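Colleague: What follows is the file entry_22.txt, containing compact mmCIF, C-alpha atoms:
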```
# COMPACT_ATOMS: atom_id res chain seq x y z
CA MET A 1 6.91 5.87 22.25
CA LYS A 2 3.71 7.61 23.29
CA TYR A 3 2.86 9.40 20.04
CA PHE A 4 4.91 7.88 17.21
CA GLY A 5 3.84 4.53 15.79
CA THR A 6 4.78 2.36 12.82
CA ASP A 7 4.47 5.25 10.37
CA GLY A 8 4.63 8.63 12.09
CA ILE A 9 1.92 10.00 14.37
CA ARG A 10 -1.75 9.12 13.92
CA SER A 11 -4.91 9.56 16.02
CA THR A 12 -8.48 10.92 16.04
CA PHE A 13 -8.59 14.68 15.73
CA GLY A 14 -10.24 16.49 18.66
CA LYS A 15 -11.01 13.29 20.59
CA SER A 16 -7.48 12.33 21.61
CA PHE A 17 -4.17 14.11 22.14
CA LEU A 18 -4.34 15.24 18.50
CA ASN A 19 -5.56 18.85 18.41
CA GLU A 20 -4.28 22.40 17.79
CA ASN A 21 -2.30 22.47 21.04
CA PHE A 22 -0.53 19.24 20.18
CA SER A 23 0.18 20.43 16.63
CA PHE A 24 1.75 23.65 17.93
CA ALA A 25 3.84 21.71 20.47
CA LEU A 26 4.94 19.29 17.74
CA GLY A 27 6.06 22.21 15.56
CA GLN A 28 8.07 23.55 18.49
CA ALA A 29 9.54 20.11 19.07
CA LEU A 30 10.61 19.72 15.46
CA GLY A 31 12.23 23.15 15.58
CA GLY A 32 14.11 22.17 18.73
CA PHE A 33 15.20 18.91 17.10
CA MET A 34 16.47 20.77 14.02
CA LYS A 35 18.44 23.24 16.17
CA LYS A 36 19.95 20.46 18.27
CA ASN A 37 21.05 18.54 15.18
CA ASN A 38 22.30 21.61 13.29
CA ILE A 39 20.05 20.87 10.33
CA HIS A 40 20.99 23.22 7.50
CA GLY A 41 18.49 25.92 6.53
CA LYS A 42 15.29 27.22 8.10
CA LYS A 43 12.60 26.06 5.65
CA VAL A 44 10.18 23.16 6.18
CA LEU A 45 7.81 22.00 3.45
CA ILE A 46 4.37 21.00 4.76
CA GLY A 47 1.72 19.11 2.78
CA ARG A 48 -1.67 17.64 3.64
CA ASP A 49 -4.40 15.40 2.31
CA THR A 50 -8.10 16.30 2.05
CA ARG A 51 -9.13 15.81 5.68
CA PRO A 52 -11.13 18.72 7.16
CA SER A 53 -8.70 18.99 10.08
CA GLY A 54 -5.65 19.35 7.83
CA LYS A 55 -5.67 23.13 7.42
CA VAL A 56 -5.80 24.00 11.12
CA LEU A 57 -3.14 21.41 11.94
CA LEU A 58 -0.88 22.83 9.24
CA ASP A 59 -1.26 26.41 10.43
CA THR A 60 -0.79 25.66 14.14
CA PHE A 61 2.16 23.38 13.40
CA ASN A 62 3.80 26.21 11.46
CA GLN A 63 3.20 28.63 14.35
CA GLY A 64 5.05 26.18 16.60
CA LEU A 65 7.92 25.98 14.14
CA LYS A 66 8.23 29.79 14.15
CA GLU A 67 8.73 29.76 17.91
CA ASN A 68 12.15 28.20 17.24
CA GLY A 69 13.03 30.35 14.25
CA PHE A 70 11.97 27.97 11.45
CA TYR A 71 9.45 28.61 8.69
CA GLY A 72 6.88 26.33 7.12
CA PHE A 73 5.78 26.54 3.49
CA SER A 74 2.50 24.95 2.45
CA ALA A 75 2.63 22.63 -0.55
CA GLY A 76 -1.17 22.36 -0.37
CA ILE A 77 -3.04 19.12 -0.97
CA LEU A 78 -0.76 16.55 -2.59
CA PRO A 79 0.29 12.89 -2.23
CA THR A 80 2.88 12.01 0.40
CA PRO A 81 5.49 10.98 -2.23
CA ALA A 82 5.01 14.33 -3.99
CA LEU A 83 5.78 16.07 -0.68
CA ALA A 84 8.98 14.00 -0.34
CA PHE A 85 9.90 14.87 -3.94
CA GLY A 86 9.26 18.56 -3.25
CA VAL A 87 11.57 18.55 -0.23
CA ILE A 88 14.41 17.40 -2.46
CA GLU A 89 13.59 19.62 -5.45
CA LYS A 90 13.15 22.80 -3.41
CA LYS A 91 16.15 22.02 -1.19
CA MET A 92 14.09 22.26 1.99
CA SER A 93 15.52 21.45 5.42
CA MET A 94 12.78 18.93 6.18
CA GLY A 95 9.29 17.89 5.11
CA VAL A 96 6.09 17.18 7.02
CA MET A 97 2.99 15.48 5.62
CA ILE A 98 -0.26 15.92 7.55
CA THR A 99 -2.22 12.76 6.91
CA ALA A 100 -3.59 9.61 8.50
CA SER A 101 -3.03 7.57 5.34
CA HIS A 102 -5.82 4.97 4.93
CA ASN A 103 -7.49 5.78 8.28
CA PRO A 104 -11.05 7.22 8.47
CA THR A 105 -11.65 10.90 7.76
CA GLN A 106 -11.90 11.85 11.45
CA ASP A 107 -8.29 10.75 12.02
CA ASN A 108 -5.18 12.71 11.13
CA GLY A 109 -1.46 12.67 11.81
CA PHE A 110 2.07 13.60 10.79
CA LYS A 111 4.79 11.96 8.70
CA PHE A 112 8.31 13.43 8.72
CA PHE A 113 10.95 13.53 5.99
CA SER A 114 14.62 14.49 5.96
CA ALA A 115 16.17 16.88 3.41
CA LEU A 116 16.85 13.77 1.29
CA GLY A 117 13.14 12.84 1.22
CA LYS A 118 13.63 9.88 3.56
CA LYS A 119 11.51 9.04 6.58
CA LEU A 120 13.14 9.55 9.95
CA THR A 121 14.72 6.80 12.03
CA ASP A 122 13.32 5.53 15.35
CA SER A 123 15.95 7.46 17.29
CA GLU A 124 15.16 10.70 15.43
CA GLU A 125 11.43 10.28 16.11
CA GLU A 126 12.19 9.58 19.76
CA SER A 127 14.28 12.76 19.95
CA ILE A 128 11.38 14.82 18.57
CA GLU A 129 8.84 13.17 20.89
CA LYS A 130 10.91 13.98 23.99
CA ARG A 131 10.63 17.67 23.11
CA ILE A 132 6.81 17.75 22.87
CA LEU A 133 5.44 19.99 25.66
CA ILE A 134 1.69 20.50 25.33
CA LYS A 135 0.04 23.62 26.77
CA ASN A 136 -3.40 25.13 26.24
CA ARG A 137 -3.18 28.14 23.97
CA LYS A 138 -5.41 30.61 22.16
CA PHE A 139 -4.68 30.73 18.47
CA GLN A 140 -5.11 33.67 16.13
CA SER A 141 -5.79 33.28 12.42
CA HIS A 142 -2.61 32.46 10.58
CA THR A 143 -1.65 32.17 6.92
CA THR A 144 1.14 29.85 5.83
CA LYS A 145 3.02 30.85 2.67
CA SER A 146 2.47 28.56 -0.30
CA LEU A 147 5.04 26.81 -2.47
CA GLU A 148 4.10 24.94 -5.67
CA VAL A 149 5.64 21.49 -6.05
CA LEU A 150 2.89 19.25 -7.45
CA ASP A 151 3.37 20.19 -11.10
CA SER A 152 7.08 19.38 -10.91
CA TYR A 153 6.26 15.98 -9.39
CA ILE A 154 3.73 15.27 -12.17
CA ASN A 155 6.29 16.16 -14.84
CA TYR A 156 8.97 14.05 -13.15
CA ILE A 157 6.84 10.90 -12.84
CA SER A 158 5.46 11.28 -16.38
CA GLY A 159 8.99 11.59 -17.76
CA LEU A 160 10.19 8.30 -16.29
CA PHE A 161 8.18 6.18 -18.72
CA PRO A 162 7.56 5.81 -22.48
CA LYS A 163 4.91 8.25 -23.71
CA ASP A 164 2.89 5.38 -25.16
CA LEU A 165 3.07 3.27 -21.98
CA LEU A 166 -0.72 3.24 -21.60
CA LYS A 167 -1.78 3.86 -25.19
CA ASN A 168 -5.11 2.17 -25.96
CA LYS A 169 -5.40 1.04 -22.33
CA ARG A 170 -8.60 1.62 -20.39
CA VAL A 171 -7.75 2.11 -16.72
CA VAL A 172 -10.02 2.48 -13.68
CA VAL A 173 -8.51 4.30 -10.70
CA ASP A 174 -10.09 4.86 -7.28
CA LEU A 175 -8.66 8.06 -5.78
CA SER A 176 -10.22 7.55 -2.33
CA ASN A 177 -11.40 11.21 -2.28
CA GLY A 178 -7.85 11.89 -1.20
CA ALA A 179 -4.59 13.57 -2.11
CA THR A 180 -4.15 11.96 -5.56
CA GLN A 181 -7.21 13.52 -7.22
CA HIS A 182 -5.17 15.94 -9.31
CA SER A 183 -1.87 14.15 -9.97
CA THR A 184 -2.78 10.55 -10.80
CA PRO A 185 -5.34 11.22 -13.60
CA ILE A 186 -2.99 13.74 -15.26
CA VAL A 187 -0.02 11.37 -15.27
CA LEU A 188 -2.11 8.49 -16.62
CA LYS A 189 -3.46 10.69 -19.41
CA ASN A 190 0.05 11.96 -20.16
CA LEU A 191 1.03 8.35 -20.82
CA GLY A 192 -1.90 7.68 -23.16
CA ALA A 193 -4.49 6.03 -20.91
CA ASP A 194 -8.26 6.18 -21.23
CA VAL A 195 -8.83 7.04 -17.55
CA HIS A 196 -12.00 6.39 -15.56
CA THR A 197 -11.83 7.85 -12.05
CA LEU A 198 -13.75 6.88 -8.94
CA SER A 199 -13.96 8.75 -5.61
CA SER A 200 -12.48 11.93 -7.04
CA GLY A 201 -13.79 14.42 -4.49
CA SER A 202 -17.50 13.64 -4.20
CA GLY A 203 -17.23 12.27 -0.66
CA ALA A 204 -15.06 12.08 2.46
CA ILE A 205 -11.55 10.69 2.28
CA ASN A 206 -11.39 6.87 2.70
CA ASP A 207 -15.12 6.72 3.43
CA GLY A 208 -15.95 3.26 2.09
CA VAL A 209 -13.69 3.79 -0.93
CA GLY A 210 -10.07 3.50 -2.05
CA SER A 211 -7.49 0.84 -1.24
CA GLU A 212 -9.44 -0.40 1.79
CA HIS A 213 -12.46 -1.14 -0.43
CA PRO A 214 -11.09 -2.50 -3.73
CA GLU A 215 -14.39 -4.16 -4.58
CA ILE A 216 -15.67 -0.81 -5.93
CA MET A 217 -12.77 -0.56 -8.37
CA SER A 218 -13.17 -4.23 -9.29
CA GLN A 219 -16.82 -3.84 -10.20
CA LYS A 220 -16.11 -0.78 -12.35
CA VAL A 221 -13.36 -2.62 -14.21
CA LYS A 222 -15.86 -5.36 -15.06
CA ASP A 223 -18.57 -2.87 -16.02
CA LEU A 224 -16.27 -0.99 -18.39
CA ASN A 225 -14.33 -4.02 -19.65
CA ALA A 226 -11.17 -2.16 -18.61
CA ASP A 227 -7.64 -3.52 -18.92
CA PHE A 228 -6.95 -3.19 -15.19
CA GLY A 229 -7.66 -1.02 -12.17
CA PHE A 230 -5.89 0.30 -9.13
CA ALA A 231 -6.93 2.02 -5.92
CA HIS A 232 -5.01 4.53 -3.80
CA ASP A 233 -5.22 5.17 -0.09
CA GLY A 234 -5.88 8.69 1.18
CA ASP A 235 -2.34 10.03 0.88
CA GLY A 236 -1.31 8.10 -2.23
CA ASP A 237 1.66 6.09 -0.99
CA ARG A 238 -0.18 2.77 -1.38
CA VAL A 239 -1.83 0.98 -4.28
CA ILE A 240 -4.03 -2.11 -4.70
CA PHE A 241 -4.53 -3.71 -8.14
CA CYS A 242 -7.15 -5.75 -9.94
CA ASN A 243 -6.86 -7.46 -13.33
CA SER A 244 -9.18 -7.22 -16.33
CA THR A 245 -11.70 -9.62 -14.78
CA GLY A 246 -11.93 -7.51 -11.61
CA GLU A 247 -9.97 -10.00 -9.51
CA VAL A 248 -7.97 -8.21 -6.80
CA ILE A 249 -4.32 -9.24 -6.97
CA PRO A 250 -2.66 -9.98 -3.60
CA GLY A 251 0.05 -7.48 -2.73
CA ASP A 252 2.71 -10.19 -2.43
CA LYS A 253 2.09 -11.18 -6.04
CA ILE A 254 2.63 -7.56 -7.09
CA LEU A 255 5.91 -7.53 -5.13
CA GLY A 256 6.97 -10.76 -6.77
CA LEU A 257 6.14 -9.87 -10.36
CA LEU A 258 8.06 -6.60 -10.00
CA ALA A 259 11.11 -8.34 -8.55
CA ILE A 260 11.12 -10.98 -11.28
CA HIS A 261 10.62 -8.51 -14.12
CA GLU A 262 13.21 -6.03 -12.88
CA ASP A 263 15.70 -8.86 -12.45
CA LYS A 264 15.13 -10.01 -16.05
CA HIS A 265 16.00 -6.50 -17.21
CA ASN A 266 19.08 -6.24 -14.96
CA ARG A 267 17.45 -3.57 -12.79
CA LEU A 268 17.62 -5.51 -9.52
CA PRO A 269 21.02 -4.85 -7.92
CA ASN A 270 22.60 -7.83 -6.16
CA LYS A 271 19.56 -9.90 -7.19
CA GLY A 272 17.99 -8.78 -3.94
CA PHE A 273 14.53 -7.62 -2.91
CA VAL A 274 13.09 -6.49 0.45
CA ALA A 275 9.69 -7.48 1.87
CA THR A 276 8.47 -7.49 5.47
CA ILE A 277 8.03 -10.23 8.04
CA HIS A 278 4.34 -10.19 7.07
CA SER A 279 4.87 -11.20 3.43
CA ASN A 280 3.76 -14.68 2.43
CA SER A 281 6.34 -17.48 2.44
CA GLY A 282 5.23 -18.35 -1.07
CA LEU A 283 6.80 -15.09 -2.24
CA ASP A 284 10.11 -16.16 -0.73
CA ALA A 285 9.90 -19.59 -2.38
CA SER A 286 8.88 -18.21 -5.79
CA LEU A 287 11.75 -15.72 -5.83
CA LYS A 288 14.26 -18.29 -4.58
CA GLU A 289 13.38 -20.52 -7.56
CA ARG A 290 14.58 -17.68 -9.79
CA GLY A 291 17.75 -16.96 -7.86
CA ILE A 292 16.43 -13.79 -6.20
CA ASN A 293 17.26 -13.24 -2.54
CA LEU A 294 14.45 -12.01 -0.30
CA PHE A 295 15.37 -9.91 2.73
CA ARG A 296 12.73 -9.41 5.42
CA ALA A 297 12.34 -6.14 7.31
CA ASN A 298 10.02 -5.28 10.19
CA VAL A 299 6.56 -3.96 9.31
CA GLY A 300 6.41 -0.46 7.79
CA ASP A 301 7.70 0.99 4.53
CA ARG A 302 10.14 3.01 6.62
CA LYS A 303 11.73 -0.24 7.78
CA VAL A 304 11.73 -1.57 4.22
CA ALA A 305 13.62 1.50 3.02
CA GLU A 306 16.15 1.17 5.86
CA MET A 307 16.81 -2.48 4.93
CA MET A 308 17.18 -1.53 1.26
CA ARG A 309 19.86 1.01 2.13
CA LYS A 310 21.63 -1.47 4.41
CA GLU A 311 21.76 -4.17 1.72
CA CYS A 312 22.37 -1.73 -1.20
CA LEU A 313 19.09 -2.69 -2.92
CA HIS A 314 16.72 -0.59 -5.03
CA LEU A 315 13.33 -2.28 -4.65
CA GLY A 316 11.18 -3.48 -1.78
CA GLY A 317 7.74 -3.19 -0.24
CA GLU A 318 4.86 -4.41 1.85
CA SER A 319 1.99 -6.67 0.87
CA SER A 320 -0.34 -3.83 1.90
CA GLY A 321 0.69 -1.91 -1.23
CA HIS A 322 3.57 0.27 0.03
CA ILE A 323 6.41 -0.19 -2.46
CA VAL A 324 9.69 1.73 -2.49
CA ALA A 325 11.64 2.06 -5.76
CA SER A 326 14.59 4.09 -4.51
CA LYS A 327 16.14 4.49 -7.96
CA TYR A 328 13.33 6.97 -8.61
CA LEU A 329 12.08 8.18 -5.21
CA PRO A 330 13.30 7.57 -1.64
CA THR A 331 9.82 6.78 -0.29
CA GLY A 332 6.79 4.69 -1.25
CA ASP A 333 4.61 5.96 -4.09
CA GLY A 334 1.36 4.29 -5.19
CA LEU A 335 1.31 5.97 -8.60
CA LEU A 336 4.95 5.13 -9.35
CA THR A 337 4.26 1.53 -8.33
CA ALA A 338 1.26 1.36 -10.67
CA LEU A 339 3.42 2.60 -13.53
CA LEU A 340 6.26 0.18 -12.75
CA VAL A 341 3.75 -2.69 -12.88
CA THR A 342 2.37 -1.27 -16.13
CA ARG A 343 5.92 -1.07 -17.53
CA ALA A 344 6.39 -4.75 -16.70
CA CYS A 345 3.30 -5.53 -18.78
CA TYR A 346 4.46 -3.17 -21.56
CA GLU A 347 7.97 -4.64 -21.81
CA SER A 348 6.94 -8.28 -21.46
CA LYS A 349 3.84 -7.90 -23.66
CA LYS A 350 1.90 -9.81 -21.00
CA SER A 351 -1.12 -8.93 -18.85
CA ILE A 352 -0.94 -8.20 -15.15
CA HIS A 353 -2.92 -11.41 -14.62
CA SER A 354 -0.34 -13.48 -16.50
CA LEU A 355 2.63 -11.92 -14.70
CA SER A 356 1.06 -12.37 -11.26
CA LYS A 357 0.70 -16.12 -11.85
CA GLN A 358 4.49 -16.45 -11.52
CA ILE A 359 4.03 -16.20 -7.74
CA THR A 360 2.41 -19.09 -5.87
CA LEU A 361 1.34 -18.06 -2.38
CA TRP A 362 1.04 -20.48 0.53
CA PRO A 363 -2.38 -20.86 2.18
CA SER A 364 -2.60 -18.71 5.30
CA VAL A 365 -4.85 -17.98 8.25
CA GLU A 366 -4.61 -14.75 10.20
CA GLY A 367 -6.46 -12.84 12.89
CA SER A 368 -6.03 -10.32 15.68
CA PHE A 369 -6.88 -10.32 19.38
CA THR A 370 -7.57 -7.20 21.46
CA VAL A 371 -5.42 -7.16 24.61
CA LYS A 372 -5.52 -5.04 27.77
CA GLU A 373 -1.75 -4.68 27.83
CA LYS A 374 1.16 -5.78 25.66
CA ILE A 375 2.81 -8.39 27.86
CA PRO A 376 6.16 -9.50 26.35
CA ILE A 377 5.44 -12.64 24.35
CA GLU A 378 8.59 -14.32 25.70
CA ASP A 379 7.13 -14.05 29.23
CA TRP A 380 3.96 -15.91 28.23
CA ALA A 381 4.94 -19.49 29.21
CA GLU A 382 1.92 -21.46 27.99
CA LEU A 383 1.83 -19.58 24.69
CA ASN A 384 5.54 -20.15 24.10
CA SER A 385 5.21 -23.85 24.82
CA THR A 386 2.34 -24.22 22.33
CA PHE A 387 4.19 -22.07 19.80
CA GLN A 388 7.20 -24.40 19.82
CA LYS A 389 5.02 -27.51 19.47
CA VAL A 390 3.12 -26.02 16.51
CA LYS A 391 6.37 -24.86 14.92
CA GLY A 392 7.61 -28.46 15.02
CA PHE A 393 4.31 -29.68 13.59
CA LEU A 394 4.65 -27.36 10.57
CA GLY A 395 8.34 -27.97 9.98
CA GLU A 396 10.00 -26.33 6.96
CA GLN A 397 6.73 -26.10 5.05
CA GLY A 398 5.06 -23.64 7.38
CA ARG A 399 5.61 -20.41 9.29
CA ILE A 400 4.09 -18.66 12.31
CA LEU A 401 4.21 -14.92 12.91
CA LEU A 402 3.03 -13.61 16.27
CA ARG A 403 3.48 -9.90 17.00
CA TYR A 404 1.83 -6.93 18.64
CA SER A 405 0.39 -4.22 16.42
CA GLY A 406 2.45 -1.04 16.26
CA THR A 407 -0.65 1.16 16.17
CA GLU A 408 -3.33 -0.72 18.15
CA THR A 409 -3.60 -2.73 21.38
CA LYS A 410 -3.85 -5.96 19.44
CA LEU A 411 -1.91 -9.19 19.17
CA ARG A 412 -1.69 -10.37 15.55
CA LEU A 413 -1.35 -14.03 14.56
CA LEU A 414 -0.44 -15.31 11.10
CA VAL A 415 0.05 -18.96 10.16
CA GLU A 416 1.13 -20.17 6.70
CA ALA A 417 1.68 -23.68 5.37
CA VAL A 418 1.91 -25.45 2.04
CA ASN A 419 -0.91 -27.68 3.36
CA PRO A 420 -4.03 -25.55 4.11
CA GLU A 421 -5.36 -28.04 6.66
CA LYS A 422 -2.11 -27.85 8.60
CA ALA A 423 -2.25 -24.04 8.51
CA ASN A 424 -5.76 -23.99 9.94
CA LYS A 425 -5.01 -26.60 12.63
CA ALA A 426 -1.87 -24.72 13.71
CA TYR A 427 -3.75 -21.41 13.87
CA GLN A 428 -6.55 -22.85 16.00
CA SER A 429 -4.06 -24.37 18.46
CA ILE A 430 -2.37 -21.04 19.14
CA ALA A 431 -5.58 -19.00 19.01
CA LYS A 432 -7.13 -21.14 21.79
CA ILE A 433 -4.24 -20.32 24.15
CA ILE A 434 -4.52 -16.61 23.39
CA GLU A 435 -8.32 -16.55 23.86
CA LYS A 436 -7.99 -18.49 27.11
CA ALA A 437 -5.68 -15.83 28.54
CA LEU A 438 -7.96 -13.01 27.43
```
What's the structure tokens form of this structure?
Modeller:
Amino acid sequence: MKYFGTDGIRSTFGKSFLNENFSFALGQALGGFMKKNNIHGKKVLIGRDTRPSGKVLLDTFNQGLKENGFYGFSAGILPTPALAFGVIEKKMSMGVMITASHNPTQDNGFKFFSALGKKLTDSEEESIEKRILIKNRKFQSHTTKSLEVLDSYINYISGLFPKDLLKNKRVVVDLSNGATQHSTPIVLKNLGADVHTLSSGSGAINDGVGSEHPEIMSQKVKDLNADFGFAHDGDGDRVIFCNSTGEVIPGDKILGLLAIHEDKHNRLPNKGFVATIHSNSGLDASLKERGINLFRANVGDRKVAEMMRKECLHLGGESSGHIVASKYLPTGDGLLTALLVTRACYESKKSIHSLSKQITLWPSVEGSFTVKEKIPIEDWAELNSTFQKVKGFLGEQGRILLRYSGTETKLRLLVEAVNPEKANKAYQSIAKIIEKAL
């Protein structure tokens, strides 16, 4: 597709297709899609993060919606999972979040949610994209009616956990100058935490802070002798953790400790858990030792959620920090994830550091290569020949993942092996063929 990528639409505002004219056309397209599919009701809930371009995109998108007889209601600045929650609570026809997630402040985009708070399928996104007809227009000032949903979300999340969950715990949280500035500190305080916030509105969203720069959180945890820390991305659907020594915990270890703990408490249906093709093979091996089945989905929390529904599972996620706990919410939520990890510590009476040691990750080497065009990998004879040789060299104790990025013109290569020397040798063999072709 031209506009939709791995997770909705995302680009640089004003320097690409993404501008007021596109936003209006997208609103029209969504309205046309809703008419075509006889979606019940006329109301669409629209939220945004703190990007400067968010307000104009929201207003022009709503004007486009009105062209087809639908009406947008602004939920204001709030995390993406709070928007999904609001769609369900307010019985809206659909939801739209204006955000570019962890991207720089100059970028923006759109994420779409059904009336059930779920992200749309590939075919639904394709149907919307086919209806996008961009024209140059002159826009008049426009006010979108507001609808309060954030307080309800805060109360809901707070009510899922024991009131003393974080009693006597000192927690550092990096809010990335984004959409979680209001909700996350309140929920943590509701559950008894001594909260120390970073990046809570003093700068631009994702500008050298948040989940993409966990070293800031790590240093503050050490300075304050805190129990642990976590960092959000701009729209709050991701989270990255560090332990009490400031050591950043790999996302696959967070996935693993959650799966193991939930299984111990009989909260893991069918003893199954979903990760993506990008997750480390050590996660698979560590879970298998404990009788937990790992299912692998394609990259993207949307794909994780689809696999969870297919296999009738309640928990899954990505190593990047997107975790879906569908028993509580149908989409990924960084704050909910942080609290689920905290609950694991609370119930087991162990630290996050201790729990994460249950997962042994395989050594890995990864990199990306900028390409002029995405030639089908199966048509690349020399690369395929080398790939098969290296695969034989690694055997059962190694894995190769070669795929094109869903959002950039890049070819991504990941090699894992129990033996780190083998992993590096295998990576170099394949990388040479790729670089030769470039």
Colleague: Between CA of Asp174 (chain A) and CA of Phe110 (chain A), what is the spacing in Å?
Modeller: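 Distance between the two atoms: 23.5 Å.
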Colleague: Between CA of Cys312 (chain A) and CA of Glu262 (chain A), measure the distance and give it in Å to one decimal.
Modeller: 15.5 Å
Colleague: In terms of the shortest atom-to-atom distance over only C-alpha atoms, which of A:Gly72, A:Pro420, A:Gly236, A:Gly201 is closest to Pro363 (chain A)?
Modeller: A:Pro420
Colleague: Let me make sure I understand: among A:Ala231, A:Ile323, A:Ala226, A:Val44, which one has the smallest atom-to-atom distance to Phe273 (chain A) if we use all atoms listed in the file?
Modeller: A:Ile323
Colleague: Hey, can you check how far CA of Ala297 (chain A) sits from CA of Pro269 (chain A)?
Modeller: 17.6 Å
Colleague: My list of candidates is A:Asn136, A:Gly31, A:Ile128, A:Phe161. Which is closest to Ser93 (chain A) when distances are computed with all atoms listed in the file?
Modeller: A:Gly31
Colleague: Choose the residue, out of A:Phe4, A:Val173, A:Val195, A:Ser211, that has the smallest atom-to-atom separation from Lys111 (chain A); count only C-alpha atoms.
Modeller: A:Phe4
Colleague: Which residue gives the smallest distance to Phe393 (chain A) among A:Asn419, A:Asn243, A:Ser368, A:Gln219, with only C-alpha atoms counted?
Modeller: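 Closest to Phe393 (chain A) of all the choices is A:Asn419.
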